[in-house]
Amino acid sequence: MHRPPIPIPTVSYFGIAPTQDTLYVAGGFAHLGGQERPNVAEFSAFDLDGDATLWNPQADATMSAVARSGDLVYLGGSGTVTTIGGKSRNNLAAVSAATGTANGWNPDVNAGVDTLSVSSKRVYAGGSFTSIGGLDQTGFASFSEPAKLRVDNVRVTEGDSGTKLVRFHLRLSRADEETMVVAFATKDGSAHRPADYGFTKGFLVFLPGQRAKTVEVKVNADVLAEENEAFLLKVSAADNVAIADGTGRATIVDDD
Ligand SMILES: [Ca+2]
Ligand SMILES: [Ca+2]
């Protein structure tokens, strides 16, 4: 089994979370592992030099807790944190383990989160806080993990005349009691708008209990002999939903 090299502490570490391949460190520092990694850093078992990885959620004040669950990393702040993973987040956030970007989950904790743990799709937090989301909550809280959204890849045979519809399926990992809104827009790949497909953008609402939605995009047929082409559907979050995979790829299979 690989074990990440644990960096020698020259600064304060308050939260440590090992996984099989990585080690997360939260604390009060501007640099760690030879990189500028404000208050949170990740180390890889496969980098024997002990350099921090590229993962960089950039918390704006001392962090005190970290826990990894699936493709999310939960981060707790020491009481004065207002930005984590590129978003305004008071002392508690969930960020992507791939990109370090915060998702829509936003509990809003008024003071320090000293310990975090995730079990059976619930997040447990303990600390010196007295309110969460503006409601009285002292010292301990538990939350449902945010529902996670995935966009499927699709393939469509081009056709020789008219248009076809490709259907991207957006699926939540579980039904939620909250309404969720996500924004979507197509993006050129090797297929270009408007020649190959119709630019499509908008919002989708998942009402409480709903788990799947479809986005339809028009694809233009032609009789040109060419390579298969592809474009993307990019989905971004609103509150509550975490984007596990926010990019769907539509492959237009040439038939000429
Ligand atoms: Ca064709
Ligand atoms: Ca063609």
# chains A, B, ... in the order shown; residues from 1 in each chain; ligands from 1
call {"tool": "closest_atom_pairs", "arguments": {"of": "chain A", "to": "ligand 2", "cutoff": "6 Å", "atoms": "only C-alpha atoms and all ligand atoms", "output": "JSON lines"}}
result
{"residue": "A:Asp222", "atom": "CA", "partner": "ligand 2", "partner_atom_place_in_ligand_line": "1 (Ca)", "distance": 4.9}
{"residue": "A:Val223", "atom": "CA", "partner": "ligand 2", "partner_atom_place_in_ligand_line": "1 (Ca)", "distance": 4.9}
{"residue": "A:Leu224", "atom": "CA", "partner": "ligand 2", "partner_atom_place_in_ligand_line": "1 (Ca)", "distance": 4.1}
{"residue": "A:Ala225", "atom": "CA", "partner": "ligand 2", "partner_atom_place_in_ligand_line": "1 (Ca)", "distance": 4.9}
{"residue": "A:Glu226", "atom": "CA", "partner": "ligand 2", "partner_atom_place_in_ligand_line": "1 (Ca)", "distance": 5.4}
{"residue": "A:Asp254", "atom": "CA", "partner": "ligand 2", "partner_atom_place_in_ligand_line": "1 (Ca)", "distance": 4.7}
{"residue": "A:Asp255", "atom": "CA", "partner": "ligand 2", "partner_atom_place_in_ligand_line": "1 (Ca)", "distance": 5.9}
{"residue": "A:Asp256", "atom": "CA", "partner": "ligand 2", "partner_atom_place_in_ligand_line": "1 (Ca)", "distance": 5.1}
call {"tool": "residues_around", "arguments": {"residues": "segment 22-27 of chain A", "least_positions_apart": "5", "cutoff": "9 Å", "atoms": "only C-alpha atoms", "output": "ChimeraX atom specification"}}
result
/A:3-6,11-17,38-46,61-68,73,75-78
call {"tool": "write_last_selection", "arguments": {"atoms": "N, CA and C atoms", "output": "CSV table (one decimal), in the first residue's frame"}}
result
chain,number,residue,atom,x,y,z
A,3,ARG,N,1.8,5.0,0.9
A,3,ARG,CA,1.5,6.0,1.9
A,3,ARG,C,2.0,7.3,1.6
A,4,PRO,N,1.2,8.4,1.6
A,4,PRO,CA,1.7,9.7,1.3
A,4,PRO,C,2.8,10.1,2.2
A,5,PRO,N,3.9,10.7,1.7
A,5,PRO,CA,4.9,11.3,2.6
A,5,PRO,C,4.3,12.4,3.4
A,6,ILE,N,4.4,12.3,4.7
A,6,ILE,CA,3.8,13.4,5.6
A,6,ILE,C,4.8,14.5,5.7
A,11,VAL,N,4.5,24.5,10.5
A,11,VAL,CA,3.4,25.4,10.8
A,11,VAL,C,2.3,24.5,11.5
A,12,SER,N,1.2,25.1,11.9
A,12,SER,CA,0.2,24.4,12.6
A,12,SER,C,-0.7,23.6,11.7
A,13,TYR,N,-0.9,22.3,11.9
A,13,TYR,CA,-1.9,21.5,11.2
A,13,TYR,C,-3.0,21.2,12.2
A,14,PHE,N,-4.2,21.4,11.8
A,14,PHE,CA,-5.3,21.1,12.7
A,14,PHE,C,-6.2,20.0,12.2
A,15,GLY,N,-6.1,19.7,10.9
A,15,GLY,CA,-7.0,18.6,10.4
A,15,GLY,C,-6.2,17.8,9.4
A,16,ILE,N,-6.2,16.5,9.5
A,16,ILE,CA,-5.5,15.6,8.6
A,16,ILE,C,-6.5,14.5,8.2
A,17,ALA,N,-6.5,14.2,6.9
A,17,ALA,CA,-7.4,13.2,6.4
A,17,ALA,C,-6.6,12.4,5.4
A,38,PRO,N,-2.8,28.1,0.3
A,38,PRO,CA,-3.3,28.7,1.6
A,38,PRO,C,-4.3,27.9,2.4
A,39,ASN,N,-3.8,27.4,3.5
A,39,ASN,CA,-4.6,26.8,4.6
A,39,ASN,C,-5.1,25.4,4.3
A,40,VAL,N,-5.0,24.9,3.1
A,40,VAL,CA,-5.4,23.5,2.7
A,40,VAL,C,-4.4,23.0,1.7
A,41,ALA,N,-4.0,21.8,1.8
A,41,ALA,CA,-3.2,21.2,0.7
A,41,ALA,C,-3.5,19.7,0.6
A,42,GLU,N,-3.1,19.2,-0.5
A,42,GLU,CA,-3.2,17.7,-0.7
A,42,GLU,C,-1.8,17.2,-1.2
A,43,PHE,N,-1.5,16.0,-0.7
A,43,PHE,CA,-0.3,15.3,-1.1
A,43,PHE,C,-0.7,14.0,-1.7
A,44,SER,N,0.1,13.6,-2.7
A,44,SER,CA,-0.2,12.3,-3.4
A,44,SER,C,0.8,11.3,-2.9
A,45,ALA,N,0.3,10.0,-2.8
A,45,ALA,CA,1.2,8.9,-2.4
A,45,ALA,C,2.2,8.6,-3.5
A,46,PHE,N,1.9,9.1,-4.7
A,46,PHE,CA,2.8,8.8,-5.8
A,46,PHE,C,3.8,9.9,-6.1
A,61,ALA,N,-8.6,31.9,5.4
A,61,ALA,CA,-8.1,32.0,6.8
A,61,ALA,C,-7.9,30.5,7.3
A,62,THR,N,-7.4,30.4,8.5
A,62,THR,CA,-6.9,29.1,9.1
A,62,THR,C,-8.1,28.1,9.0
A,63,MET,N,-7.7,26.9,8.5
A,63,MET,CA,-8.7,25.8,8.4
A,63,MET,C,-8.4,24.8,9.5
A,64,SER,N,-9.4,24.2,10.0
A,64,SER,CA,-9.3,23.3,11.2
A,64,SER,C,-9.7,21.9,11.0
A,65,ALA,N,-10.4,21.6,9.9
A,65,ALA,CA,-10.9,20.2,9.8
A,65,ALA,C,-11.0,19.9,8.3
A,66,VAL,N,-10.9,18.6,8.0
A,66,VAL,CA,-11.0,18.1,6.6
A,66,VAL,C,-11.5,16.6,6.6
A,67,ALA,N,-12.4,16.3,5.7
A,67,ALA,CA,-12.8,14.9,5.6
A,67,ALA,C,-13.1,14.7,4.1
A,68,ARG,N,-12.7,13.5,3.6
A,68,ARG,CA,-13.0,13.1,2.2
A,68,ARG,C,-14.1,12.1,2.2
A,73,VAL,N,-14.5,16.8,-0.9
A,73,VAL,CA,-13.7,17.0,0.3
A,73,VAL,C,-14.5,18.1,1.1
A,75,LEU,N,-14.5,20.8,4.1
A,75,LEU,CA,-13.5,21.6,4.7
A,75,LEU,C,-14.1,22.5,5.8
A,76,GLY,N,-13.5,22.4,7.0
A,76,GLY,CA,-14.0,23.3,8.1
A,76,GLY,C,-13.0,24.3,8.5
A,77,GLY,N,-13.5,25.5,8.7
A,77,GLY,CA,-12.7,26.7,9.0
A,77,GLY,C,-12.7,26.9,10.5
A,78,SER,N,-11.7,27.7,11.0
A,78,SER,CA,-11.4,27.9,12.4
A,78,SER,C,-12.3,29.1,13.0
call {"tool": "select_by_dssp", "arguments": {"residues": "segment 112-242 of chain A", "states": "strand (DSSP E or B)", "output": "count of residues only"}}
result
74
call {"tool": "closest_residue", "arguments": {"among": "A:Arg193, A:Lys218, A:Arg249, A:Lys164", "to": "ligand 1", "atoms": "only C-alpha atoms and all ligand atoms"}}
result
A:Lys164
call {"tool": "closest_residue", "arguments": {"among": "A:Asp196, A:Ile243, A:Ser173, A:Thr83", "to": "ligand 1", "atoms": "only C-alpha atoms and all ligand atoms"}}
result
A:Asp196
call {"tool": "closest_residue", "arguments": {"among": "A:Ala212, A:Val166, A:Gly134, A:Val182", "to": "Val253 of chain A", "atoms": "only C-alpha atoms"}}
result
A:Val166
